[in-house]
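Notes for the one structure printed next.
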Amino acid sequence: MTATIIAFERSPDGGKGLARDTRVRWALEEMDQPYEVRLVSFKAMKESAHLALHPFGQIPTYEEGDLALFETGAIVFHIAQRRAGLLPDDANARARAITWMFAALSTVEPPVLELATAKLLEGDKSWSAQRMPLVEDRVRHRPGQLSVRLGDATGSMARSARAT
Ligand SMILES: N[C@@H](CCC(=O)N[C@@H](CS)C(=O)NCC(=O)O)C(=O)O
């Protein structure tokens with residue numbers, strides 16, 4: 001069954017993936033799984049039809065038959081669970097790869113998002129210039145920690161996860 005994802009029509013590239021739908025598209029494409037894309041406007045994202053799919057009025061969403069999902073981590077995990085290839089078969093290696101999925105979303109992404117928020121939404125506040133160095137420090141620190149752990153490793157997420 002062909003999956004459908006919903007993306008934002010006014011993302012910087014006009015809905016071709018330059019928003020969080022990238023993660024879902026990437027997983028589907030790695031799996032050679034065909035999918036359709038429905039584009040929504042910012043206004044439509046906040047209306048009841050979309051809120052029924054995504055309680056927070058965001059993108060992306062994922063629909064496959066009568067299954068509707070939101071949250072990129074959950075969607076990518078679903079895709080990886082359904083078909084072999086994205087996650088290792090070995091139980092421990094699989095658990096490590098899943099650990100990295102959670103880390104990406106809940107530990108690596110937040111400081112990056114904080115920087116975007118500080119620049120795009122709070123840049124005009126009187127306290128913005130004072131706060132910015134702290135935000136910038138945090139956004140440098142986290143990828144630094146990531147580099148220490150992953151080092152110069154190349155190859156798949158699974159291989160990186162096995163190396164932990
Ligand atoms: N934690 C969510 C975040 C989704 C998210 O923030 N999507 C952005 C686009 S990349 C969005 O819809 N922003 C509009 C809004 O929050 O109003 C996920 O990973 O799916």
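In the structure tokens, the first chain shown is A, the next is B, and so on; residue numbers restart at 1 for each chain, and ligands run from 1 in the order shown.
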Exercise answer, 9 Å around ligand 1 with only C-alpha atoms and all ligand atoms, as a compact mmCIF listing (two decimals) with N, CA and C atoms, in the first residue's frame:
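What ended up in part07.txt:
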# COMPACT_ATOMS: atom_id res chain seq x y z
N ALA A 7 3.36 17.37 3.71
CA ALA A 7 4.48 18.30 3.89
C ALA A 7 3.95 19.73 3.73
N PHE A 8 4.81 20.67 4.04
CA PHE A 8 4.44 22.09 4.05
C PHE A 8 4.71 22.70 2.67
N SER A 11 7.69 25.40 2.50
CA SER A 11 9.03 25.19 3.05
C SER A 11 10.01 25.87 2.09
N LEU A 18 12.55 20.03 2.40
CA LEU A 18 13.43 20.83 3.26
C LEU A 18 12.69 21.28 4.54
N ALA A 19 12.16 20.32 5.23
CA ALA A 19 11.54 20.54 6.53
C ALA A 19 11.64 19.16 7.20
N ARG A 20 10.93 18.96 8.29
CA ARG A 20 11.14 17.68 8.98
C ARG A 20 10.62 16.48 8.19
N ASP A 21 9.90 16.71 7.10
CA ASP A 21 9.50 15.56 6.27
C ASP A 21 10.72 14.90 5.62
N THR A 22 11.87 15.58 5.62
CA THR A 22 13.10 14.98 5.07
C THR A 22 13.37 13.61 5.67
N ARG A 23 13.20 13.53 7.00
CA ARG A 23 13.54 12.28 7.69
C ARG A 23 12.67 11.12 7.19
N PHE A 42 0.07 26.73 5.58
CA PHE A 42 0.19 26.93 7.03
C PHE A 42 -1.21 27.02 7.63
N MET A 45 -2.82 23.65 8.00
CA MET A 45 -2.19 22.84 9.08
C MET A 45 -2.88 23.06 10.42
N LYS A 46 -3.54 24.21 10.55
CA LYS A 46 -4.15 24.55 11.84
C LYS A 46 -5.66 24.27 11.84
N PHE A 56 -0.95 18.63 16.98
CA PHE A 56 -0.24 19.89 17.21
C PHE A 56 -0.23 20.78 15.96
N GLY A 57 -0.94 20.35 14.92
CA GLY A 57 -1.04 21.17 13.72
C GLY A 57 0.29 21.36 13.02
N GLN A 58 1.06 20.28 12.94
CA GLN A 58 2.38 20.37 12.30
C GLN A 58 2.49 19.36 11.16
N ILE A 59 3.61 19.43 10.47
CA ILE A 59 3.96 18.41 9.49
C ILE A 59 5.26 17.77 9.96
N PRO A 60 5.64 16.58 9.51
CA PRO A 60 4.88 15.76 8.57
C PRO A 60 3.88 14.84 9.27
N THR A 61 2.95 14.32 8.46
CA THR A 61 2.15 13.19 8.92
C THR A 61 2.39 12.05 7.93
N PHE A 70 1.89 10.67 13.36
CA PHE A 70 2.60 11.95 13.36
C PHE A 70 3.85 11.74 14.22
N GLU A 71 4.73 12.71 14.27
CA GLU A 71 6.04 12.66 14.94
C GLU A 71 7.03 11.86 14.08
N THR A 72 8.04 12.56 13.61
CA THR A 72 8.99 11.93 12.69
C THR A 72 9.65 10.68 13.27
N GLY A 73 9.99 10.74 14.57
CA GLY A 73 10.65 9.57 15.17
C GLY A 73 9.75 8.35 15.09
N ALA A 74 8.48 8.54 15.44
CA ALA A 74 7.54 7.42 15.43
C ALA A 74 7.33 6.91 14.00
N ILE A 75 7.28 7.84 13.06
CA ILE A 75 7.04 7.45 11.66
C ILE A 75 8.24 6.64 11.13
N LEU A 105 16.48 12.97 18.38
CA LEU A 105 15.29 13.80 18.55
C LEU A 105 15.26 14.55 19.86
### Query
Do you know which residues are at most 12 Å from A:Val112 counting only C-alpha atoms, after dropping those on the same chain fewer than 2 positions away, and could you put them as number ranges by chain?
A: 104-110, 114-119, 135-143
Keeping only N, CA and C atoms, take the residues you just selected and write them out as an mmCIF file, in the first residue's frame.
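After the write, again-v7.cif holds the following:
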data_model
loop_
_atom_site.group_PDB
_atom_site.id
_atom_site.type_symbol
_atom_site.label_atom_id
_atom_site.label_comp_id
_atom_site.auth_asym_id
_atom_site.auth_seq_id
_atom_site.Cartn_x
_atom_site.Cartn_y
_atom_site.Cartn_z
ATOM 1 N N ALA A 104 18.833 11.555 18.748
ATOM 2 C CA ALA A 104 18.752 12.568 17.685
ATOM 3 C C ALA A 104 17.608 13.529 17.962
ATOM 4 N N LEU A 105 16.484 12.966 18.379
ATOM 5 C CA LEU A 105 15.290 13.795 18.551
ATOM 6 C C LEU A 105 15.259 14.552 19.864
ATOM 7 N N SER A 106 15.702 13.897 20.922
ATOM 8 C CA SER A 106 15.493 14.548 22.223
ATOM 9 C C SER A 106 16.759 15.148 22.820
ATOM 10 N N THR A 107 17.930 14.848 22.256
ATOM 11 C CA THR A 107 19.157 15.414 22.825
ATOM 12 C C THR A 107 19.931 16.259 21.806
ATOM 13 N N VAL A 108 19.971 15.803 20.550
ATOM 14 C CA VAL A 108 20.761 16.555 19.554
ATOM 15 C C VAL A 108 19.933 17.700 18.947
ATOM 16 N N GLU A 109 18.681 17.416 18.612
ATOM 17 C CA GLU A 109 17.886 18.440 17.921
ATOM 18 C C GLU A 109 17.559 19.679 18.779
ATOM 19 N N PRO A 110 17.211 19.525 20.056
ATOM 20 C CA PRO A 110 16.745 20.712 20.808
ATOM 21 C C PRO A 110 17.676 21.921 20.795
ATOM 22 N N GLU A 114 16.702 25.502 19.310
ATOM 23 C CA GLU A 114 16.758 26.686 20.180
ATOM 24 C C GLU A 114 17.468 27.833 19.457
ATOM 25 N N LEU A 115 18.530 27.499 18.708
ATOM 26 C CA LEU A 115 19.250 28.529 17.963
ATOM 27 C C LEU A 115 18.345 29.127 16.884
ATOM 28 N N ALA A 116 17.624 28.244 16.177
ATOM 29 C CA ALA A 116 16.724 28.739 15.125
ATOM 30 C C ALA A 116 15.661 29.643 15.737
ATOM 31 N N THR A 117 15.113 29.234 16.879
ATOM 32 C CA THR A 117 14.083 30.045 17.545
ATOM 33 C C THR A 117 14.663 31.387 17.977
ATOM 34 N N ALA A 118 15.871 31.333 18.567
ATOM 35 C CA ALA A 118 16.503 32.563 19.058
ATOM 36 C C ALA A 118 16.734 33.540 17.903
ATOM 37 N N LYS A 119 17.122 33.013 16.739
ATOM 38 C CA LYS A 119 17.422 33.910 15.615
ATOM 39 C C LYS A 119 16.149 34.369 14.907
ATOM 40 N N VAL A 135 23.182 30.413 23.730
ATOM 41 C CA VAL A 135 22.502 29.511 22.795
ATOM 42 C C VAL A 135 23.525 28.948 21.799
ATOM 43 N N GLU A 136 24.425 29.831 21.334
ATOM 44 C CA GLU A 136 25.435 29.390 20.358
ATOM 45 C C GLU A 136 26.407 28.394 20.984
ATOM 46 N N ASP A 137 26.751 28.621 22.240
ATOM 47 C CA ASP A 137 27.631 27.674 22.944
ATOM 48 C C ASP A 137 26.999 26.303 23.020
ATOM 49 N N ARG A 138 25.703 26.295 23.352
ATOM 50 C CA ARG A 138 25.015 25.006 23.490
ATOM 51 C C ARG A 138 24.943 24.276 22.160
ATOM 52 N N VAL A 139 24.732 25.037 21.085
ATOM 53 C CA VAL A 139 24.602 24.375 19.791
ATOM 54 C C VAL A 139 25.960 23.847 19.297
ATOM 55 N N ARG A 140 27.052 24.436 19.787
ATOM 56 C CA ARG A 140 28.381 23.923 19.419
ATOM 57 C C ARG A 140 28.743 22.711 20.268
ATOM 58 N N HIS A 141 28.357 22.774 21.518
ATOM 59 C CA HIS A 141 28.749 21.737 22.480
ATOM 60 C C HIS A 141 28.186 20.360 22.079
ATOM 61 N N ARG A 142 26.915 20.318 21.723
ATOM 62 C CA ARG A 142 26.276 19.014 21.500
ATOM 63 C C ARG A 142 26.847 18.266 20.293
ATOM 64 N N PRO A 143 26.973 18.904 19.126
ATOM 65 C CA PRO A 143 27.609 18.187 18.012
ATOM 66 C C PRO A 143 29.052 17.804 18.329
#
**Prompt:** Can you list every residue in stretch 8-82 of chain A that DSSP puts in helix (DSSP H, G or I), as a PyMOL selection string?
**Reply:** chain A and resi 21-30+42-45+48-51+72-82
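For the atom pair formed by atom CA of A:Gln81 and atom CA of A:Gly17, the distance is 22.4 Å, given to one decimal.
Shortest separation to A:Leu69 among A:Leu39, A:Gly14, A:Met1, A:Val24 occurs at residue A:Val24, atoms counted being only C-alpha atoms.
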For this session: Apply DSSP to the structure's backbone, then extract all residues of stretch 59-127 of chain A labelled strand (DSSP E) and return them as a PyMOL selection string.
Result: chain A and resi 61-64+67-70
Practice prompt. Report the distance between atom CA of A:Glu64 and atom CA of A:Ile5 in Å, rounded to one decimal place.
Written response: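 Distance between the two atoms: 8.9 Å.
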(Q) Counting only C-alpha atoms, which residue out of A:Gln130, A:Gln33, A:Ser48, A:Thr99 sits closest to A:Gly85? (A)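 Checking each candidate against A:Gly85, we get A:Gln33 as the closest.
Going from atom CA of A:Trp26 over to atom CA of A:Leu86, you cover 10.8 Å.
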If you count only C-alpha atoms, the residue of A:Leu150, A:Ile6, A:Phe77, A:Asp124 closest to A:Met101 turns out to be A:Phe77
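Proximity to A:Ile79 was assessed for A:Asp32, A:Arg131, A:Ala95, A:Arg149 counting only C-alpha atoms; the smallest distance is recorded for A:Asp32.
Proximity ranking of A:Thr4, A:Arg10, A:Tyr62, A:Met132 relative to A:Lys43 places A:Arg10 first, based on only C-alpha atoms.
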